[in-house]
>>> print(open('model21.cif').read())   # mmCIF, C-alpha atoms
data_my_file
loop_
_atom_site.label_atom_id
_atom_site.label_comp_id
_atom_site.auth_asym_id
_atom_site.auth_seq_id
_atom_site.Cartn_x
_atom_site.Cartn_y
_atom_site.Cartn_z
CA MET U 16 -13.13 73.85 5.59
CA LYS U 17 -12.96 71.92 8.84
CA LYS U 18 -16.13 70.02 7.88
CA ALA U 19 -14.63 69.01 4.54
CA LEU U 20 -11.43 67.89 6.24
CA LEU U 21 -13.44 65.83 8.71
CA VAL U 22 -15.31 64.11 5.90
CA LEU U 23 -12.02 63.37 4.10
CA LEU U 24 -10.52 61.83 7.23
CA LEU U 25 -13.63 59.70 7.68
CA ILE U 26 -13.36 58.39 4.11
CA ILE U 27 -9.66 57.58 4.57
CA SER U 28 -10.44 55.74 7.81
CA VAL U 29 -13.10 53.62 6.10
CA VAL U 30 -10.70 52.71 3.26
CA VAL U 31 -7.95 51.73 5.72
CA LEU U 32 -10.36 49.58 7.72
CA ALA U 33 -11.57 47.89 4.55
CA TYR U 34 -8.03 46.89 3.62
CA GLN U 35 -7.31 45.74 7.14
CA PHE U 36 -10.29 43.40 7.15
CA LYS U 37 -9.70 42.00 3.67
CA PRO U 38 -7.04 39.46 4.83
CA VAL U 39 -9.33 38.50 7.70
CA LYS U 40 -12.05 37.63 5.21
CA GLN U 41 -9.56 35.47 3.30
CA VAL U 42 -8.56 33.66 6.50
CA VAL U 43 -12.21 33.11 7.41
CA SER U 44 -12.84 31.71 3.94
CA VAL U 45 -9.95 29.21 4.30
CA VAL U 46 -11.15 28.15 7.75
CA GLU U 47 -14.72 27.68 6.50
CA SER U 48 -13.41 25.58 3.60
CA THR U 49 -11.41 23.41 6.01
CA ILE U 50 -14.43 22.90 8.25
CA ARG U 51 -16.58 21.86 5.28
CA THR U 52 -14.00 19.24 4.22
CA PRO U 53 -13.90 16.49 6.88
CA SER U 54 -10.56 14.82 7.65
CA LEU U 55 -10.02 11.51 5.92
CA ILE U 56 -7.69 10.25 8.67
CA ASN U 57 -8.74 8.83 12.05
CA LYS U 58 -5.51 8.98 14.02
CA ASP U 59 -6.76 6.82 16.90
CA SER U 60 -7.80 3.86 14.71
CA LEU U 61 -5.78 0.67 14.27
CA THR U 62 -6.99 -0.95 11.03
CA ILE U 63 -6.78 0.25 7.43
CA LYS U 64 -10.56 0.53 7.15
CA SER U 65 -11.03 2.47 10.37
CA ARG U 66 -7.91 4.64 9.87
CA VAL U 67 -9.12 6.12 6.56
CA ASN U 68 -12.53 7.65 5.83
CA VAL U 69 -13.97 7.70 2.30
CA PRO U 70 -14.28 11.07 0.54
CA GLU U 71 -17.71 12.70 0.35
CA GLY U 72 -19.92 11.00 -2.23
CA TYR U 73 -18.08 7.67 -2.07
CA LYS U 74 -18.88 4.35 -0.41
CA ARG U 75 -16.65 1.36 0.24
CA VAL U 76 -17.13 -1.52 -2.21
CA ASN U 77 -18.50 -4.61 -0.45
CA TYR U 78 -16.64 -7.94 -0.45
CA PRO U 79 -17.53 -11.31 1.11
CA LYS U 80 -16.56 -12.00 4.70
CA GLY U 81 -13.40 -14.11 4.82
CA SER U 82 -12.22 -12.95 1.39
CA PHE U 83 -8.68 -11.76 0.73
CA GLN U 84 -10.17 -8.32 0.07
CA GLU U 85 -11.75 -8.08 3.53
CA TYR U 86 -8.58 -9.50 5.08
CA LEU U 87 -6.53 -6.64 3.60
CA ARG U 88 -9.06 -3.93 4.34
CA ASN U 89 -9.10 -4.89 8.02
CA TYR U 90 -5.35 -5.37 8.35
CA LYS U 91 -4.01 -4.13 11.67
CA LEU U 92 -1.94 -0.95 11.92
CA LYS U 93 0.51 0.33 14.48
CA ALA U 94 -0.29 3.54 16.37
CA PHE U 95 -0.54 6.66 14.21
CA GLY U 96 2.81 8.38 13.85
CA SER U 97 4.83 5.15 13.97
CA LYS U 98 7.96 5.42 11.86
CA ILE U 99 9.15 3.32 8.94
CA MET U 100 11.99 1.18 10.28
CA ASN U 101 14.61 -0.65 8.26
CA TYR U 102 15.40 -4.32 8.92
CA ASP U 103 18.47 -3.29 10.94
CA ASP U 104 16.38 -1.13 13.33
CA THR U 105 17.50 2.16 11.76
CA GLU U 106 14.93 4.75 10.73
CA TYR U 107 14.20 5.05 7.02
CA PHE U 108 15.35 8.47 5.77
CA TRP U 109 11.90 9.46 4.36
CA GLN U 110 9.08 9.60 6.90
CA ARG U 111 6.64 11.95 5.17
CA GLY U 112 5.04 9.62 2.66
CA HIS U 113 2.88 7.35 4.85
CA ILE U 114 -0.15 7.48 7.13
CA GLY U 115 0.12 4.03 8.69
CA ILE U 116 2.45 1.13 9.43
CA LEU U 117 1.09 -2.40 8.99
CA GLU U 118 1.65 -4.99 11.71
CA VAL U 119 4.02 -7.04 9.54
CA PRO U 120 7.28 -8.10 11.23
CA VAL U 121 10.47 -7.25 9.31
CA PRO U 122 13.03 -10.09 9.47
CA LYS U 123 16.53 -9.05 10.50
CA ASN U 124 18.04 -10.89 7.51
CA GLY U 125 17.03 -8.06 5.15
CA LEU U 126 15.38 -10.38 2.62
CA GLN U 127 11.76 -9.18 2.91
CA GLN U 128 11.84 -6.37 0.35
CA CYS U 129 9.03 -4.79 -1.69
CA ALA U 130 7.67 -7.82 -3.58
CA ASP U 131 8.53 -10.16 -0.72
CA ALA U 132 6.38 -8.25 1.78
CA LEU U 133 3.32 -8.69 -0.46
CA ILE U 134 4.18 -12.36 -1.04
CA ARG U 135 4.26 -12.81 2.73
CA ILE U 136 0.89 -11.13 3.27
CA ARG U 137 -0.74 -13.23 0.55
CA SER U 138 0.85 -16.44 1.88
CA GLU U 139 -0.20 -15.77 5.47
CA TYR U 140 -3.78 -15.23 4.32
CA LEU U 141 -3.77 -18.59 2.54
CA TRP U 142 -2.17 -20.25 5.57
CA ASP U 143 -4.69 -18.77 8.01
CA ASN U 144 -7.62 -19.82 5.80
CA ASN U 145 -6.56 -23.45 5.39
CA ARG U 146 -5.54 -22.96 1.75
CA LYS U 147 -1.91 -23.96 2.23
CA ASP U 148 -1.79 -26.03 -0.96
CA GLU U 149 -2.26 -22.80 -2.96
CA ILE U 150 0.94 -21.27 -1.61
CA GLY U 151 3.57 -21.23 -4.34
CA PHE U 152 5.54 -18.79 -6.49
CA ASN U 153 7.80 -18.79 -9.50
CA PHE U 154 11.51 -18.11 -9.17
CA THR U 155 12.88 -15.43 -11.49
CA SER U 156 14.10 -18.37 -13.61
CA GLY U 157 10.45 -19.33 -14.14
CA HIS U 158 10.54 -22.51 -12.02
CA TYR U 159 7.57 -22.99 -9.67
CA CYS U 160 8.30 -23.59 -5.99
CA SER U 161 5.36 -24.63 -3.83
CA TRP U 162 5.02 -24.73 -0.06
CA LYS U 163 3.50 -28.22 -0.37
CA LYS U 164 6.65 -29.72 -1.91
CA TYR U 165 8.94 -27.77 0.40
CA ALA U 166 7.02 -29.07 3.42
CA GLU U 167 7.48 -32.61 2.07
CA GLY U 168 11.26 -32.08 2.11
CA TYR U 169 12.01 -31.07 -1.49
CA ARG U 170 14.71 -28.41 -1.98
CA PRO U 171 15.91 -26.67 -5.13
CA LYS U 172 19.32 -27.29 -6.63
CA ILE U 173 20.21 -24.18 -8.57
CA ASN U 174 22.83 -24.08 -11.29
CA GLY U 175 22.64 -20.79 -13.16
CA ASN U 176 19.17 -20.69 -14.71
CA LYS U 177 18.70 -24.43 -14.30
CA VAL U 178 16.68 -25.49 -11.24
CA THR U 179 15.87 -29.03 -10.14
CA PHE U 180 14.12 -30.18 -6.96
CA HIS U 181 15.28 -33.09 -4.81
CA LYS U 182 14.02 -34.59 -1.55
CA THR U 183 16.88 -33.78 0.81
CA ALA U 184 15.05 -32.96 4.07
CA ALA U 185 12.54 -34.60 6.37
CA ALA U 186 8.89 -33.60 5.99
CA ASN U 187 8.04 -30.59 8.14
CA HIS U 188 4.69 -28.78 7.94
CA SER U 189 5.31 -26.42 10.86
CA LYS U 190 4.84 -22.64 10.88
CA ASP U 191 8.56 -22.17 11.53
CA ASN U 192 9.37 -24.16 8.41
CA PHE U 193 6.81 -22.12 6.49
CA TYR U 194 8.81 -18.97 7.19
CA LYS U 195 12.01 -20.74 6.10
CA TYR U 196 10.19 -21.48 2.84
CA LEU U 197 9.28 -17.80 2.49
CA ASN U 198 12.93 -16.82 2.97
CA LEU U 199 13.78 -19.09 0.05
CA ILE U 200 11.11 -17.39 -2.06
CA TYR U 201 12.44 -13.97 -1.09
CA MET U 202 15.88 -14.98 -2.35
CA TYR U 203 14.84 -16.26 -5.76
CA SER U 204 11.61 -14.36 -6.54
CA GLY U 205 10.81 -10.66 -6.82
CA THR U 206 9.16 -7.99 -8.93
CA LEU U 207 10.47 -9.48 -12.18
CA SER U 208 9.15 -12.99 -11.45
CA LEU U 209 5.75 -11.64 -10.33
CA TYR U 210 5.60 -9.36 -13.39
CA ASN U 211 6.09 -12.35 -15.68
CA GLU U 212 4.04 -14.86 -13.67
CA LEU U 213 0.84 -13.05 -12.76
CA LYS U 214 -2.19 -12.23 -14.88
CA SER U 215 -2.53 -8.64 -16.12
CA ILE U 216 -5.63 -6.73 -15.03
CA ASN U 217 -7.32 -3.78 -16.72
CA SER U 218 -7.75 -0.75 -14.45
CA LYS U 219 -11.54 -0.90 -14.96
CA ASN U 220 -11.57 -4.32 -13.27
CA LEU U 221 -9.31 -3.53 -10.32
CA GLN U 222 -10.16 -4.84 -6.88
CA ILE U 223 -8.56 -5.02 -3.46
CA GLY U 224 -5.51 -7.30 -3.54
CA ASP U 225 -4.47 -6.31 -7.06
CA MET U 226 -1.03 -4.79 -7.51
CA LEU U 227 0.68 -2.12 -9.60
CA ILE U 228 4.05 -3.51 -10.65
CA LYS U 229 7.16 -2.49 -12.52
CA GLY U 230 9.27 -5.56 -13.05
CA GLY U 231 13.03 -5.26 -13.01
CA SER U 232 16.19 -4.91 -10.96
CA PRO U 233 15.28 -2.71 -9.32
CA GLY U 234 11.54 -2.70 -9.89
CA HIS U 235 8.75 -1.88 -7.50
CA ILE U 236 5.28 -3.03 -6.51
CA VAL U 237 2.37 -1.75 -4.41
CA MET U 238 -0.86 -3.48 -3.38
CA ILE U 239 -4.43 -2.16 -3.33
CA CYS U 240 -5.83 -2.53 0.19
CA ASP U 241 -9.15 -0.68 0.03
CA GLU U 242 -11.65 0.48 -2.58
CA ALA U 243 -14.42 3.08 -2.72
CA GLU U 244 -16.88 4.04 -5.46
CA ASN U 245 -19.30 6.92 -6.16
CA GLU U 246 -22.67 6.87 -7.92
CA SER U 247 -20.99 7.59 -11.26
CA GLY U 248 -18.90 4.44 -10.96
CA GLU U 249 -15.65 6.34 -10.36
CA LYS U 250 -13.32 4.46 -8.03
CA LEU U 251 -10.63 5.35 -5.53
CA PHE U 252 -8.06 3.03 -3.97
CA LEU U 253 -5.69 2.84 -1.00
CA LEU U 254 -2.18 1.45 -1.49
CA PHE U 255 0.48 -0.05 0.72
CA GLN U 256 4.05 -1.08 0.00
CA GLY U 257 7.18 -2.68 1.30
CA ASN U 258 10.50 -1.35 0.10
CA THR U 259 14.20 -1.86 -0.48
CA PRO U 260 16.02 -1.99 1.89
CA ALA U 261 13.64 -4.32 3.72
CA GLN U 262 11.51 -2.18 5.98
CA SER U 263 8.10 -1.63 7.57
CA VAL U 264 5.15 -2.19 5.25
CA HIS U 265 3.30 1.11 5.11
CA LEU U 266 0.09 2.73 3.86
CA VAL U 267 1.13 5.51 1.48
CA LYS U 268 -0.10 9.08 1.08
CA ASN U 269 -1.16 10.52 -2.26
CA LEU U 270 1.40 13.30 -2.57
CA THR U 271 0.09 14.59 -5.91
CA ASP U 272 -3.58 15.03 -4.96
CA THR U 273 -3.89 16.09 -1.34
CA THR U 274 -7.65 16.69 -1.70
CA ILE U 275 -8.29 12.92 -1.71
CA SER U 276 -5.08 11.66 -0.05
CA PRO U 277 -4.41 8.90 0.85
CA TRP U 278 -6.85 7.68 -1.82
CA TYR U 279 -5.67 7.25 -5.43
CA GLU U 280 -7.31 7.28 -8.81
CA LEU U 281 -5.67 4.50 -10.83
CA GLU U 282 -5.53 4.25 -14.61
CA ASP U 283 -3.76 2.07 -17.17
CA ASP U 284 -0.45 3.39 -18.53
CA ALA U 285 -0.49 6.37 -16.18
CA ILE U 286 2.46 7.92 -14.38
CA THR U 287 1.72 7.15 -10.72
CA PRO U 288 3.96 8.56 -7.96
CA VAL U 289 3.83 6.69 -4.64
CA SER U 290 5.89 8.16 -1.84
CA ASN U 291 9.47 7.43 -2.92
CA TYR U 292 8.84 5.85 -6.33
CA THR U 293 7.17 6.84 -9.60
CA PHE U 294 5.55 4.14 -11.73
CA SER U 295 5.65 4.41 -15.51
CA SER U 296 5.32 1.66 -18.12
CA ALA U 297 3.90 -0.50 -15.33
CA LYS U 298 0.90 -2.82 -15.22
CA PHE U 299 -1.71 -4.15 -12.80
CA VAL U 300 -1.58 -7.82 -11.80
CA ARG U 301 -3.51 -10.20 -9.55
CA PHE U 302 -2.40 -13.17 -7.43
CA LYS U 303 -3.68 -16.54 -8.63
#
>>> encode(input="model21.cif", output="structure tokens")
Amino acid sequence: MKKALLVLLLIISVVVLAYQFKPVKQVVSVVESTIRTPSLINKDSLTIKSRVNVPEGYKRVNYPKGSFQEYLRNYKLKAFGSKIMNYDDTEYFWQRGHIGILEVPVPKNGLQQCADALIRIRSEYLWDNNRKDEIGFNFTSGHYCSWKKYAEGYRPKINGNKVTFHKTAAANHSKDNFYKYLNLIYMYSGTLSLYNELKSINSKNLQIGDMLIKGGSPGHIVMICDEAENESGEKLFLLFQGNTPAQSVHLVKNLTDTTISPWYELEDDAITPVSNYTFSSAKFVRFK
């Protein structure tokens, strides 16, 4: 009888131990899975390219040195953990949707909102690469306003939807005057003007520098700033955005697919959430 009781106690002990170690096995499995999946974020890096690794099986798509694509990919970032700041030096209420802040100053006048931030980045690239004559954008009215004519002293006279340009200022090709020109563009251009002005792009032909845009008041826009591809030709993209109110330009997380975040798969006519905005009935466009 005692022997049978001893055997029964031994069996019970084995069963209890088995159940005790079952959660441990689950924890070990999760840890092993985490170890096998390398982090896609390098917190000590200060450019878009060096901040974000490509997922396993992908390689970055090559672009020529000096191109707009390489300019964006190597854009400088603030230290990891930097917060999104509004133009008035207050913290933006949502700080969980980004993994990097671009080194783009935010004017205190509050004009540099979502589309304006991307207009600035494009314009500064053209300026820095001696392509100043290419700087120009449509107003929401459809009238084209170029940096070249502004620098020569021409200013718009706006009466409702009617816009005429007159030489009312001395010629000034300085960098300070360039930023005054951009402030004018910020006032009279935006997502709606870019939506109507720029060429539509199919998702199969996307490249760095292209934008996903919803035109309107309010609308929204984000820019592709990096691109990776696997052997099957499947592509992933990184996105950054400005916002309204005017605030820090930031590299966004992918909040719907954390396995590849901050990378995105982008498709035509898809619902695409980006941090604090969800795109639907939007399109891809490209600067001229």
>>> residues_around(input="model21.cif", residues="Ala243 of chain U", least_positions_apart="2", cutoff="8 Å", atoms="only C-alpha atoms", output="PDB file with C-alpha atoms, keeping the file's coordinate frame")
ATOM      1  CA  VAL U  69     -13.970   7.700   2.300  1.00  0.00           C
ATOM      2  CA  TYR U  73     -18.080   7.670  -2.070  1.00  0.00           C
ATOM      3  CA  LYS U  74     -18.880   4.350  -0.410  1.00  0.00           C
ATOM      4  CA  ARG U  75     -16.650   1.360   0.240  1.00  0.00           C
ATOM      5  CA  VAL U  76     -17.130  -1.520  -2.210  1.00  0.00           C
ATOM      6  CA  ASP U 241      -9.150  -0.680   0.030  1.00  0.00           C
ATOM      7  CA  ASN U 245     -19.300   6.920  -6.160  1.00  0.00           C
ATOM      8  CA  LYS U 250     -13.320   4.460  -8.030  1.00  0.00           C
ATOM      9  CA  LEU U 251     -10.630   5.350  -5.530  1.00  0.00           C
ATOM     10  CA  PHE U 252      -8.060   3.030  -3.970  1.00  0.00           C
TER      11      PHE U 252
END
>>> atom_distance(input="model21.cif", atom1="atom CA of Ser161 of chain U", atom2="atom CA of Phe294 of chain U")
29.8 Å
>>> closest_residue(input="model21.cif", among="U:Cys129, U:Thr273, U:Ile173, U:Asn124", to="Tyr292 of chain U", atoms="only C-alpha atoms")
U:Cys129
>>> residues_around(input="model21.cif", residues="Ser295 of chain U", least_positions_apart="5", cutoff="8 Å", atoms="only C-alpha atoms", output="VMD selection string")
chain U and resid 229 284 to 287
>>> closest_residue(input="model21.cif", among="U:Gly96, U:Gly168, U:Gly175, U:Gly257", to="Ile134 of chain U", atoms="all atoms listed in the file")
U:Gly257
>>> axis_aligned_box(input="model21.cif", around="segment 65-71 of chain U", padding_each_side="8 Å", output="AutoDock Vina command-line options")
--center_x -12.8 --center_y 7.6 --center_z 5.4 --size_x 25.8 --size_y 26.2 --size_z 26.0
>>> residues_around(input="model21.cif", residues="Ala261 of chain U", least_positions_apart="2", cutoff="6 Å", atoms="all atoms listed in the file", output="list in words")
Asn101, Tyr102, Gly125, Gln127, Gln128, Asn258 and Thr259 of chain U
>>> write_last_selection(input="model21.cif", atoms="C-alpha atoms", output="mmCIF file, in the coordinates of the input")
data_model
loop_
_atom_site.group_PDB
_atom_site.id
_atom_site.type_symbol
_atom_site.label_atom_id
_atom_site.label_comp_id
_atom_site.auth_asym_id
_atom_site.auth_seq_id
_atom_site.Cartn_x
_atom_site.Cartn_y
_atom_site.Cartn_z
ATOM 1 C CA ASN U 101 14.610 -0.650 8.260
ATOM 2 C CA TYR U 102 15.400 -4.320 8.920
ATOM 3 C CA GLY U 125 17.030 -8.060 5.150
ATOM 4 C CA GLN U 127 11.760 -9.180 2.910
ATOM 5 C CA GLN U 128 11.840 -6.370 0.350
ATOM 6 C CA ASN U 258 10.500 -1.350 0.100
ATOM 7 C CA THR U 259 14.200 -1.860 -0.480
#
>>> closest_residue(input="model21.cif", among="U:Gly230, U:Lys98, U:Val300, U:Leu126", to="Lys195 of chain U", atoms="only C-alpha atoms")
U:Leu126
>>> residues_around(input="model21.cif", residues="segment 202-215 of chain U", least_positions_apart="2", cutoff="6 Å", atoms="only C-alpha atoms", output="PyMOL selection string")
chain U and resi 130+154-155+199-200+230-231+234+299-301
>>> atom_distance(input="model21.cif", atom1="atom CA of Tyr86 of chain U", atom2="atom CA of Met100 of chain U")
23.8 Å
>>> closest_residue(input="model21.cif", among="U:Phe255, U:Tyr201, U:Tyr165, U:Tyr196", to="Ala184 of chain U", atoms="only C-alpha atoms")
U:Tyr165
>>> closest_residue(input="model21.cif", among="U:Glu71, U:Lys177, U:Lys91, U:Thr62", to="Glu246 of chain U", atoms="all atoms listed in the file")
U:Glu71
>>> closest_residue(input="model21.cif", among="U:Asn77, U:Gly115, U:Asp272, U:Asn291", to="Asn57 of chain U", atoms="all atoms listed in the file")
U:Gly115
>>> residues_around(input="model21.cif", residues="His181 of chain U", least_positions_apart="5", cutoff="7 Å", atoms="all atoms listed in the file", output="list of chain:residue names")
U:Tyr169, U:Arg170, U:Pro171
>>> residues_near_point(input="model21.cif", point="(-7.1, 6.5, 17.5)", cutoff="12 Å", atoms="only C-alpha atoms", output="JSON, numbers by chain")
{"U": [56, 57, 58, 59, 60, 61, 62, 63, 65, 66, 67, 92, 93, 94, 95, 96, 115]}
>>> atom_distance(input="model21.cif", atom1="atom CA of Asp131 of chain U", atom2="atom CA of Tyr107 of chain U")
18.0 Å
>>> resolve_selection(input="model21.cif", expression="the PyMOL selection byres ((chain U and resi 147-149) around 9)", output="PyMOL selection string")
chain U and resi 138-139+141-146+150-151+161-163+303
>>> build_atoms(input="model21.cif", residues="segment 119-129 of chain U", atoms="all heavy atoms", output="compact mmCIF listing (two decimals), in the coordinates of the input")
# COMPACT_ATOMS: atom_id res chain seq x y z
N VAL U 119 3.30 -5.97 10.23
CA VAL U 119 4.02 -7.04 9.54
C VAL U 119 5.46 -7.04 10.04
O VAL U 119 6.19 -6.08 9.79
CB VAL U 119 4.01 -6.84 8.01
CG1 VAL U 119 4.74 -7.99 7.31
CG2 VAL U 119 2.60 -6.70 7.48
N PRO U 120 5.90 -8.07 10.75
CA PRO U 120 7.28 -8.10 11.23
C PRO U 120 8.27 -8.01 10.06
O PRO U 120 8.02 -8.53 8.97
CB PRO U 120 7.39 -9.44 11.94
CG PRO U 120 5.98 -9.80 12.30
CD PRO U 120 5.14 -9.25 11.19
N VAL U 121 9.41 -7.36 10.31
CA VAL U 121 10.47 -7.25 9.31
C VAL U 121 11.65 -8.11 9.75
O VAL U 121 12.30 -7.78 10.75
CB VAL U 121 10.92 -5.78 9.13
CG1 VAL U 121 11.97 -5.69 8.02
CG2 VAL U 121 9.72 -4.89 8.82
N PRO U 122 11.92 -9.23 9.06
CA PRO U 122 13.03 -10.09 9.47
C PRO U 122 14.36 -9.35 9.45
O PRO U 122 14.59 -8.47 8.61
CB PRO U 122 13.02 -11.21 8.41
CG PRO U 122 11.64 -11.18 7.84
CD PRO U 122 11.20 -9.76 7.89
N LYS U 123 15.23 -9.71 10.38
CA LYS U 123 16.53 -9.05 10.50
C LYS U 123 17.49 -9.43 9.38
O LYS U 123 18.56 -8.84 9.25
CB LYS U 123 17.16 -9.38 11.86
CG LYS U 123 16.31 -9.00 13.06
CD LYS U 123 15.95 -7.52 13.07
CE LYS U 123 15.12 -7.17 14.29
NZ LYS U 123 14.64 -5.77 14.26
N ASN U 124 17.14 -10.45 8.57
CA ASN U 124 18.04 -10.89 7.51
C ASN U 124 18.01 -9.98 6.28
O ASN U 124 18.80 -10.15 5.35
CB ASN U 124 17.73 -12.33 7.09
CG ASN U 124 16.29 -12.52 6.63
OD1 ASN U 124 15.61 -11.57 6.22
ND2 ASN U 124 15.80 -13.76 6.70
N GLY U 125 17.07 -9.02 6.25
CA GLY U 125 17.03 -8.06 5.15
C GLY U 125 16.44 -8.57 3.86
O GLY U 125 16.46 -7.88 2.84
N LEU U 126 15.88 -9.79 3.86
CA LEU U 126 15.38 -10.38 2.62
C LEU U 126 13.99 -9.89 2.22
O LEU U 126 13.64 -9.92 1.05
CB LEU U 126 15.36 -11.91 2.75
CG LEU U 126 16.71 -12.61 2.85
CD1 LEU U 126 16.51 -14.10 3.06
CD2 LEU U 126 17.56 -12.35 1.61
N GLN U 127 13.17 -9.48 3.19
CA GLN U 127 11.76 -9.18 2.91
C GLN U 127 11.60 -7.78 2.32
O GLN U 127 11.23 -6.84 2.99
CB GLN U 127 10.96 -9.32 4.21
CG GLN U 127 9.45 -9.21 4.03
CD GLN U 127 8.73 -9.42 5.33
OE1 GLN U 127 8.63 -10.54 5.82
NE2 GLN U 127 8.23 -8.34 5.93
N GLN U 128 11.88 -7.67 1.02
CA GLN U 128 11.84 -6.37 0.35
C GLN U 128 10.46 -6.14 -0.28
O GLN U 128 9.47 -6.73 0.16
CB GLN U 128 12.99 -6.28 -0.63
CG GLN U 128 14.34 -6.41 0.09
CD GLN U 128 15.54 -6.34 -0.83
OE1 GLN U 128 15.43 -6.11 -2.04
NE2 GLN U 128 16.73 -6.55 -0.27
N CYS U 129 10.35 -5.27 -1.26
CA CYS U 129 9.03 -4.79 -1.69
C CYS U 129 8.09 -5.91 -2.14
O CYS U 129 6.99 -6.05 -1.62
CB CYS U 129 9.16 -3.71 -2.75
SG CYS U 129 9.99 -4.20 -4.27
